[in-house]
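K.L.:
Handing over my_file.cif, mmCIF, C-alpha atoms.
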```cif
data_run
loop_
_atom_site.group_PDB
_atom_site.id
_atom_site.type_symbol
_atom_site.label_atom_id
_atom_site.label_comp_id
_atom_site.auth_asym_id
_atom_site.auth_seq_id
_atom_site.Cartn_x
_atom_site.Cartn_y
_atom_site.Cartn_z
ATOM 1 C CA MET A 1 0.000 0.000 0.000
ATOM 2 C CA THR A 2 1.401 3.378 -1.004
ATOM 3 C CA SER A 3 1.838 5.899 1.781
ATOM 4 C CA ALA A 4 -0.287 9.049 1.529
ATOM 5 C CA HIS A 5 2.618 11.133 2.722
ATOM 6 C CA PRO A 6 5.983 11.599 0.989
ATOM 7 C CA PRO A 7 9.023 10.567 3.000
ATOM 8 C CA ALA A 8 10.566 13.317 5.081
ATOM 9 C CA ILE A 9 13.627 15.059 3.656
ATOM 10 C CA ASP A 10 15.638 16.950 6.246
ATOM 11 C CA ILE A 11 17.483 19.947 4.787
ATOM 12 C CA VAL A 12 19.829 21.965 6.972
ATOM 13 C CA PHE A 13 20.964 25.460 6.003
ATOM 14 C CA ALA A 14 24.282 26.029 7.784
ATOM 15 C CA LEU A 15 24.417 29.788 8.381
ATOM 16 C CA TYR A 16 27.054 32.150 9.758
ATOM 17 C CA PRO A 17 27.551 35.889 10.353
ATOM 18 C CA GLY A 18 27.836 37.727 7.035
ATOM 19 C CA VAL A 19 25.760 35.269 4.994
ATOM 20 C CA THR A 20 24.180 36.797 1.871
ATOM 21 C CA GLN A 21 20.448 36.659 2.452
ATOM 22 C CA LEU A 22 19.447 35.733 -1.126
ATOM 23 C CA ASP A 23 21.949 32.854 -1.148
ATOM 24 C CA PHE A 24 19.880 31.538 1.745
ATOM 25 C CA THR A 25 16.322 32.689 1.069
ATOM 26 C CA GLY A 26 16.283 31.927 -2.675
ATOM 27 C CA PRO A 27 16.909 28.190 -2.240
ATOM 28 C CA TRP A 28 14.743 28.155 0.904
ATOM 29 C CA GLN A 29 11.782 29.509 -1.088
ATOM 30 C CA VAL A 30 12.114 26.738 -3.667
ATOM 31 C CA LEU A 31 12.959 23.827 -1.378
ATOM 32 C CA SER A 32 10.224 24.689 1.117
ATOM 33 C CA ARG A 33 7.758 23.595 -1.574
ATOM 34 C CA VAL A 34 9.283 20.154 -2.125
ATOM 35 C CA PRO A 35 6.885 17.497 -0.772
ATOM 36 C CA GLY A 36 8.173 16.094 2.503
ATOM 37 C CA ALA A 37 10.906 18.709 2.912
ATOM 38 C CA ARG A 38 11.663 19.766 6.479
ATOM 39 C CA LEU A 39 13.910 22.821 6.468
ATOM 40 C CA VAL A 40 16.071 23.933 9.373
ATOM 41 C CA ALA A 41 18.115 27.131 9.508
ATOM 42 C CA ALA A 42 20.973 26.745 11.971
ATOM 43 C CA SER A 43 23.886 28.850 13.156
ATOM 44 C CA PRO A 44 26.684 28.236 15.670
ATOM 45 C CA GLY A 45 25.075 28.670 19.067
ATOM 46 C CA GLY A 46 21.741 29.458 17.400
ATOM 47 C CA VAL A 47 22.616 33.164 17.558
ATOM 48 C CA PRO A 48 20.640 35.649 15.412
ATOM 49 C CA LEU A 49 22.465 36.640 12.246
ATOM 50 C CA PRO A 50 22.509 40.069 10.599
ATOM 51 C CA SER A 51 22.514 40.031 6.816
ATOM 52 C CA GLU A 52 22.527 43.202 4.747
ATOM 53 C CA GLY A 53 20.062 45.055 6.961
ATOM 54 C CA LEU A 54 17.969 41.993 7.847
ATOM 55 C CA VAL A 55 18.313 39.892 10.988
ATOM 56 C CA PHE A 56 17.525 36.179 10.972
ATOM 57 C CA SER A 57 16.479 34.910 14.384
ATOM 58 C CA GLY A 58 14.870 31.804 15.840
ATOM 59 C CA LEU A 59 17.717 29.720 14.432
ATOM 60 C CA ALA A 60 18.564 26.230 15.612
ATOM 61 C CA ARG A 61 21.914 25.522 17.228
ATOM 62 C CA LEU A 62 24.066 24.027 14.499
ATOM 63 C CA GLU A 63 25.913 21.974 17.087
ATOM 64 C CA ASP A 64 22.625 20.299 18.123
ATOM 65 C CA VAL A 65 21.594 19.166 14.630
ATOM 66 C CA ARG A 66 22.373 15.469 14.651
ATOM 67 C CA ARG A 67 21.849 14.543 10.998
ATOM 68 C CA CYS A 68 20.279 15.626 7.731
ATOM 69 C CA ASP A 69 19.620 14.377 4.234
ATOM 70 C CA ILE A 70 20.969 17.571 2.686
ATOM 71 C CA VAL A 71 23.399 20.102 4.100
ATOM 72 C CA LEU A 72 23.446 23.467 2.327
ATOM 73 C CA VAL A 73 26.010 26.208 2.902
ATOM 74 C CA PRO A 74 25.071 29.597 1.377
ATOM 75 C CA GLY A 75 27.695 32.159 0.459
ATOM 76 C CA GLY A 76 28.411 35.688 1.562
ATOM 77 C CA PRO A 77 31.211 38.006 2.671
ATOM 78 C CA GLY A 78 31.399 36.021 5.900
ATOM 79 C CA ALA A 79 32.056 32.703 4.147
ATOM 80 C CA LEU A 80 35.816 32.687 4.605
ATOM 81 C CA PRO A 81 35.726 33.802 8.247
ATOM 82 C CA ALA A 82 33.263 30.924 8.721
ATOM 83 C CA ALA A 83 35.667 28.626 6.880
ATOM 84 C CA GLU A 84 38.318 29.533 9.469
ATOM 85 C CA ASP A 85 35.994 28.696 12.357
ATOM 86 C CA PRO A 86 36.739 25.105 13.429
ATOM 87 C CA VAL A 87 33.350 24.775 15.152
ATOM 88 C CA PHE A 88 31.420 25.763 12.033
ATOM 89 C CA VAL A 89 33.578 23.737 9.649
ATOM 90 C CA GLY A 90 33.497 20.756 11.981
ATOM 91 C CA ALA A 91 29.701 20.830 12.078
ATOM 92 C CA VAL A 92 29.480 20.998 8.280
ATOM 93 C CA ARG A 93 31.932 18.116 7.939
ATOM 94 C CA ARG A 94 30.014 16.046 10.507
ATOM 95 C CA LEU A 95 26.651 16.585 8.802
ATOM 96 C CA ALA A 96 28.139 15.940 5.357
ATOM 97 C CA ALA A 97 29.482 12.570 6.455
ATOM 98 C CA GLN A 98 25.965 11.080 6.520
ATOM 99 C CA ALA A 99 24.103 13.426 4.173
ATOM 100 C CA ARG A 100 22.629 12.263 0.907
ATOM 101 C CA TYR A 101 23.665 15.514 -0.766
ATOM 102 C CA VAL A 102 26.348 18.060 0.151
ATOM 103 C CA THR A 103 25.562 21.432 -1.383
ATOM 104 C CA SER A 104 26.433 25.101 -1.513
ATOM 105 C CA VAL A 105 25.573 28.377 -3.175
ATOM 106 C CA CYS A 106 28.075 31.029 -4.235
ATOM 107 C CA THR A 107 31.103 31.290 -1.924
ATOM 108 C CA GLY A 108 29.613 28.591 0.286
ATOM 109 C CA SER A 109 31.658 26.170 -1.823
ATOM 110 C CA LEU A 110 34.791 27.604 -0.191
ATOM 111 C CA VAL A 111 33.430 26.395 3.147
ATOM 112 C CA LEU A 112 32.891 22.933 1.662
ATOM 113 C CA GLY A 113 36.469 23.098 0.429
ATOM 114 C CA ALA A 114 37.780 24.067 3.854
ATOM 115 C CA ALA A 115 35.874 21.104 5.294
ATOM 116 C CA GLY A 116 37.747 18.799 2.913
ATOM 117 C CA LEU A 117 34.642 17.916 0.923
ATOM 118 C CA LEU A 118 35.680 18.971 -2.578
ATOM 119 C CA GLN A 119 38.878 17.047 -3.256
ATOM 120 C CA GLY A 120 38.802 15.839 -6.839
ATOM 121 C CA ARG A 121 35.304 17.234 -7.313
ATOM 122 C CA ARG A 122 34.066 19.636 -9.950
ATOM 123 C CA ALA A 123 32.530 22.650 -8.244
ATOM 124 C CA THR A 124 31.455 26.189 -8.944
ATOM 125 C CA SER A 125 31.215 29.398 -6.962
ATOM 126 C CA HIS A 126 30.855 33.133 -7.494
ATOM 127 C CA TRP A 127 32.926 34.125 -10.527
ATOM 128 C CA THR A 128 35.246 36.292 -8.425
ATOM 129 C CA VAL A 129 36.456 33.347 -6.322
ATOM 130 C CA ARG A 130 36.120 30.339 -8.608
ATOM 131 C CA ASP A 131 39.882 30.322 -9.199
ATOM 132 C CA LEU A 132 40.429 29.787 -5.457
ATOM 133 C CA LEU A 133 38.773 26.356 -5.471
ATOM 134 C CA PRO A 134 41.906 24.418 -6.549
ATOM 135 C CA ALA A 135 43.516 25.329 -3.208
ATOM 136 C CA PHE A 136 41.093 22.810 -1.722
ATOM 137 C CA GLY A 137 41.683 20.165 -4.364
ATOM 138 C CA ALA A 138 38.536 21.053 -6.324
ATOM 139 C CA VAL A 139 38.223 21.344 -10.096
ATOM 140 C CA PRO A 140 36.653 24.745 -10.894
ATOM 141 C CA ASP A 141 33.697 24.674 -13.274
ATOM 142 C CA ALA A 142 32.041 27.783 -14.713
ATOM 143 C CA GLY A 143 28.611 26.155 -14.800
ATOM 144 C CA ARG A 144 25.701 27.864 -13.106
ATOM 145 C CA VAL A 145 24.857 24.593 -11.344
ATOM 146 C CA VAL A 146 27.474 21.845 -11.125
ATOM 147 C CA ARG A 147 26.928 18.310 -9.887
ATOM 148 C CA ASP A 148 29.691 15.842 -9.142
ATOM 149 C CA GLY A 149 28.334 12.755 -7.405
ATOM 150 C CA ARG A 150 26.496 13.818 -4.279
ATOM 151 C CA VAL A 151 28.066 17.274 -4.324
ATOM 152 C CA ILE A 152 25.932 19.973 -5.975
ATOM 153 C CA THR A 153 27.171 23.558 -6.077
ATOM 154 C CA GLY A 154 25.549 26.710 -7.402
ATOM 155 C CA GLY A 155 27.220 29.808 -8.786
ATOM 156 C CA GLY A 156 26.776 33.342 -7.513
ATOM 157 C CA VAL A 157 23.724 34.463 -5.514
ATOM 158 C CA THR A 158 20.792 34.162 -7.965
ATOM 159 C CA ALA A 159 22.154 30.845 -9.214
ATOM 160 C CA GLY A 160 20.889 29.520 -5.881
ATOM 161 C CA ILE A 161 17.362 29.473 -7.307
ATOM 162 C CA ASP A 162 18.473 27.427 -10.329
ATOM 163 C CA PHE A 163 20.461 25.167 -8.013
ATOM 164 C CA ALA A 164 17.415 24.622 -5.803
ATOM 165 C CA LEU A 165 15.229 23.717 -8.792
ATOM 166 C CA VAL A 166 17.833 21.165 -9.911
ATOM 167 C CA LEU A 167 17.833 19.717 -6.404
ATOM 168 C CA ALA A 168 14.021 19.758 -6.263
ATOM 169 C CA ALA A 169 13.908 17.757 -9.495
ATOM 170 C CA GLU A 170 16.386 15.278 -8.051
ATOM 171 C CA LEU A 171 14.271 14.874 -4.924
ATOM 172 C CA ALA A 172 10.752 14.914 -6.346
ATOM 173 C CA GLY A 173 10.971 14.707 -10.130
ATOM 174 C CA ASP A 174 10.996 17.183 -12.989
ATOM 175 C CA GLU A 175 7.250 17.817 -12.949
ATOM 176 C CA VAL A 176 7.239 18.827 -9.289
ATOM 177 C CA ALA A 177 10.239 21.105 -9.857
ATOM 178 C CA GLN A 178 8.555 22.676 -12.867
ATOM 179 C CA ALA A 179 5.369 23.218 -10.858
ATOM 180 C CA ILE A 180 7.410 24.980 -8.170
ATOM 181 C CA GLN A 181 9.051 27.144 -10.839
ATOM 182 C CA LEU A 182 5.679 28.066 -12.311
ATOM 183 C CA GLY A 183 4.161 28.752 -8.907
ATOM 184 C CA LEU A 184 6.986 31.176 -8.210
ATOM 185 C CA GLU A 185 6.735 32.590 -11.752
ATOM 186 C CA TYR A 186 10.468 32.169 -12.035
ATOM 187 C CA ALA A 187 11.056 33.286 -15.623
ATOM 188 C CA PRO A 188 14.181 35.466 -15.539
ATOM 189 C CA ALA A 189 14.309 38.248 -18.096
ATOM 190 C CA PRO A 190 16.875 40.734 -16.773
ATOM 191 C CA PRO A 191 16.988 44.198 -18.340
ATOM 192 C CA PHE A 192 20.747 43.914 -18.939
ATOM 193 C CA ASP A 193 23.023 41.140 -20.118
ATOM 194 C CA ALA A 194 25.575 42.002 -17.457
ATOM 195 C CA GLY A 195 25.186 39.098 -15.065
ATOM 196 C CA ARG A 196 28.418 37.310 -15.953
ATOM 197 C CA PRO A 197 31.925 38.642 -16.565
ATOM 198 C CA GLU A 198 31.855 37.203 -20.086
ATOM 199 C CA THR A 199 28.865 39.354 -21.076
ATOM 200 C CA ALA A 200 29.178 42.469 -18.910
ATOM 201 C CA PRO A 201 30.454 45.640 -20.604
ATOM 202 C CA PRO A 202 34.212 46.041 -20.003
ATOM 203 C CA ARG A 203 33.752 49.251 -17.989
ATOM 204 C CA VAL A 204 31.212 47.545 -15.730
ATOM 205 C CA LEU A 205 33.484 44.550 -15.245
ATOM 206 C CA GLU A 206 36.392 46.805 -14.348
ATOM 207 C CA ARG A 207 34.216 48.775 -11.947
ATOM 208 C CA VAL A 208 33.217 45.622 -10.063
ATOM 209 C CA ARG A 209 36.786 44.338 -10.011
ATOM 210 C CA LEU A 210 38.046 47.613 -8.556
ATOM 211 C CA ALA A 211 35.251 47.685 -5.985
ATOM 212 C CA THR A 212 36.042 44.164 -4.819
ATOM 213 C CA ALA A 213 39.855 44.293 -5.071
ATOM 214 C CA GLN A 214 40.456 44.672 -1.344
ATOM 215 C CA LEU A 215 37.985 41.923 -0.509
ATOM 216 C CA GLN A 216 39.602 39.670 -3.094
ATOM 217 C CA ALA A 217 43.026 40.199 -1.543
ATOM 218 C CA GLN A 218 41.598 39.305 1.865
ATOM 219 C CA ARG A 219 39.971 36.208 0.410
ATOM 220 C CA ARG A 220 43.190 35.013 -1.194
ATOM 221 C CA ALA A 221 45.067 35.459 2.065
ATOM 222 C CA ALA A 222 42.354 33.600 3.965
ATOM 223 C CA VAL A 223 42.330 30.693 1.508
ATOM 224 C CA ALA A 224 46.113 30.409 1.801
ATOM 225 C CA ARG A 225 45.775 30.220 5.594
ATOM 226 C CA ILE A 226 42.900 27.730 5.506
ATOM 227 C CA ALA A 227 44.487 25.422 2.952
ATOM 228 C CA GLY A 228 47.539 25.157 5.177
ATOM 229 C CA THR A 229 45.624 24.779 8.438
ATOM 230 C CA PHE A 230 42.597 22.554 7.964
ATOM 231 C CA PRO A 231 43.043 18.850 7.239
ATOM 232 C CA ILE A 232 41.738 18.259 3.750
ATOM 233 C CA GLN A 233 39.920 14.954 3.919
ATOM 234 C CA GLY A 234 38.148 13.784 0.805
ATOM 235 C CA MET A 235 34.843 11.960 1.010
ATOM 236 C CA GLY A 236 35.187 9.630 -1.934
ATOM 237 C CA GLN A 237 33.544 9.817 -5.306
ATOM 238 C CA ALA A 238 30.143 8.357 -4.427
#
```
Here is the file; what I need is its structure written in the form of structure tokens.
P.N.:
Amino acid sequence: MTSAHPPAIDIVFALYPGVTQLDFTGPWQVLSRVPGARLVAASPGGVPLPSEGLVFSGLARLEDVRRCDIVLVPGGPGALPAAEDPVFVGAVRRLAAQARYVTSVCTGSLVLGAAGLLQGRRATSHWTVRDLLPAFGAVPDAGRVVRDGRVITGGGVTAGIDFALVLAAELAGDEVAQAIQLGLEYAPAPPFDAGRPETAPPRVLERVRLATAQLQAQRRAAVARIAGTFPIQGMGQA
């Protein structure tokens, strides 16, 4: 006899100070509509997290989450400080050990790398940091959504919605994912073709590079520290 209820799917969003809210809320919006999905937003200590003028509260203690089917690490300017936090990285590594899928959006893939979860894996990230992935043994891929075994990574910020639809299809089938997309009226038609460095006007690209130069230097220094500090332990090619 077929059960009337879909099996539960536990999805944990591992959050940290300085997370980019759309990296988190975009996938949450999509995955919350997957039948059987049980979403938990968790931070170290369960502390409220500020994010670009918003504050996320009522969070679970990441240390108290025992297991999940999917662990998801969003990106943000706080990703590399989080990647240098042994408590946060340890929790991600622990949850990933038993998870069905290990996932990230944007610079969240750098946290997966710091946790030793990307060795030999193809992975993507925000275009400004994709070239940092090899420091963690990953193979950088410019795809908007990249899957390598049970590791699924999304590119920068808005790619989190595409990533979540890919994951929804994996969990519940293409038709369910398409119904979620239609329900959200997700039909991107941006007014400018400037969303990737390959298509942005040169002056716009240079403007963004100049604006992020200091942050990029800090990121490179942090990755160099992390790669030499954290044990990089692969998780196989399953």
K.L.:
Just checking: using all atoms listed in the file, which residue out of A:Ala41, A:Leu59, A:Val65, A:Leu215 ends up closest to A:Leu95?
P.N.:
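Closest residue, counting all atoms listed in the file: A:Val65.
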K.L.:
Given the file above and the PyMOL selection byres ((chain A and resi 158) around 12), which residues are selected, and can you give them as a compact mmCIF listing (two decimals) with C-alpha atoms, in the coordinates of the input?
P.N.:
```
# COMPACT_ATOMS: atom_id res chain seq x y z
CA THR A 20 24.18 36.80 1.87
CA GLN A 21 20.45 36.66 2.45
CA LEU A 22 19.45 35.73 -1.13
CA ASP A 23 21.95 32.85 -1.15
CA PHE A 24 19.88 31.54 1.74
CA THR A 25 16.32 32.69 1.07
CA GLY A 26 16.28 31.93 -2.68
CA PRO A 27 16.91 28.19 -2.24
CA PRO A 74 25.07 29.60 1.38
CA GLY A 75 27.70 32.16 0.46
CA VAL A 105 25.57 28.38 -3.18
CA CYS A 106 28.08 31.03 -4.24
CA SER A 125 31.22 29.40 -6.96
CA HIS A 126 30.86 33.13 -7.49
CA ARG A 144 25.70 27.86 -13.11
CA VAL A 145 24.86 24.59 -11.34
CA GLY A 154 25.55 26.71 -7.40
CA GLY A 155 27.22 29.81 -8.79
CA GLY A 156 26.78 33.34 -7.51
CA VAL A 157 23.72 34.46 -5.51
CA ALA A 159 22.15 30.84 -9.21
CA GLY A 160 20.89 29.52 -5.88
CA ILE A 161 17.36 29.47 -7.31
CA ASP A 162 18.47 27.43 -10.33
CA PHE A 163 20.46 25.17 -8.01
CA ALA A 164 17.42 24.62 -5.80
CA LEU A 165 15.23 23.72 -8.79
CA TYR A 186 10.47 32.17 -12.04
CA PRO A 188 14.18 35.47 -15.54
CA PRO A 190 16.88 40.73 -16.77
CA GLY A 195 25.19 39.10 -15.06
CA ARG A 196 28.42 37.31 -15.95
```
K.L.:
Taking into account all atoms listed in the file, which residue in the set A:Gly45, A:Leu62, A:Gly53, A:Leu110 is nearest to A:Gly76?
P.N.:
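Checking each of A:Gly45, A:Leu62, A:Gly53, A:Leu110 against A:Gly76, counting all atoms listed in the file, the winner is A:Leu110.
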K.L.:
Could you work out how far atom CA of A:Ala135 lies from atom CA of A:Val19, giving the answer in Å with one decimal?
P.N.:
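Distance between the two atoms: 21.9 Å.
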K.L.:
Identify the residues within 12 Å of coordinate (18.5, 35.1, 12.4) (same frame as the file), considering all atoms listed in the file, and give the answer as a ChimeraX atom specification.
P.N.:
/A:13-19,21,24-25,40-61
K.L.:
Can you list what the PyMOL selection byres ((chain A and resi 39) around 8) grabs from this structure, as a ChimeraX atom specification?
P.N.:
/A:10-13,28,31-32,37-38,40-41
K.L.:
Give me, please, the distance in Å between atom CA of A:Asp141 and atom CA of A:Thr107, quoted to one decimal.
P.N.:
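Atom CA of A:Asp141 sits 13.4 Å away from atom CA of A:Thr107.
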K.L.:
Quick one: apply the PyMOL selection byres ((chain A and resi 224) around 12) to the file and drop the selected residues here as number ranges by chain.
P.N.:
A: 80, 83-84, 110, 114, 132-136, 217-223, 225-230
K.L.:
What does the distance between atom CA of A:Arg207 and atom CA of A:Ala142 come to in Å, to one decimal place?
P.N.:
21.3 Å
K.L.:
Name the closest residue to A:Gln178 among the candidates A:Arg33, A:Ile152, A:Pro197, A:Gly90; distances are taken between atoms, counting all atoms listed in the file.
P.N.:
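Among A:Arg33, A:Ile152, A:Pro197, A:Gly90, it is A:Arg33 that comes nearest to A:Gln178.
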K.L.:
Every residue with an atom at most 10 Å from (30.4, 14.7, 4.7) (file coordinates; only C-alpha atoms) is what I'm after, so could you write them as a list in words?
P.N.:
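Looking at atoms near the point gives Val71, Gly90, Ala91, Val92, Arg93, Arg94, Leu95, Ala96, Ala97, Gln98, Ala99, Arg100, Tyr101, Val102, Leu112, Ala115, Gly116, Leu117, Leu118, Arg150, Val151, Gln233, Gly234, Met235 and Gly236 of chain A.
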K.L.:
I'd like to know which of A:Gln216, A:Thr103, A:Glu185, A:Phe88 is closest to A:Val166, using only C-alpha atoms.
P.N.:
A:Thr103
K.L.:
Centre and edge lengths, as lines of an AutoDock Vina configuration file, for the axis-aligned box enclosing every listed atom of stretch 206-215 of chain A with 6 Å of padding on each of the six sides, in Å to one decimal?
P.N.:
```
center_x = 36.8
center_y = 45.3
center_z = -7.4
size_x = 19.2
size_y = 18.9
size_z = 25.8
```
K.L.:
Hey, which of A:Ala179, A:Val34, A:Ala213, A:Leu167 ends up closest to A:Ala8? Count only C-alpha atoms.
P.N.:
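Among the listed residues, the smallest separation from A:Ala8 belongs to A:Val34.
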K.L.:
From the options A:Pro6, A:Val204, A:Pro35, A:Leu184, which residue's atoms come nearest to A:Ala169, counting only C-alpha atoms?
P.N.:
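Closest residue, counting only C-alpha atoms: A:Pro35.
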K.L.:
Excluding A:Pro140 and any residue of its chain fewer than 4 positions from it, enumerate the residues within 7 Å of it, using only C-alpha atoms, and give them as a list in words.
P.N.:
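Result of the neighbour search: Arg122, Ala123, Thr124, Arg130, Asp131, Leu133 and Pro134 of chain A.
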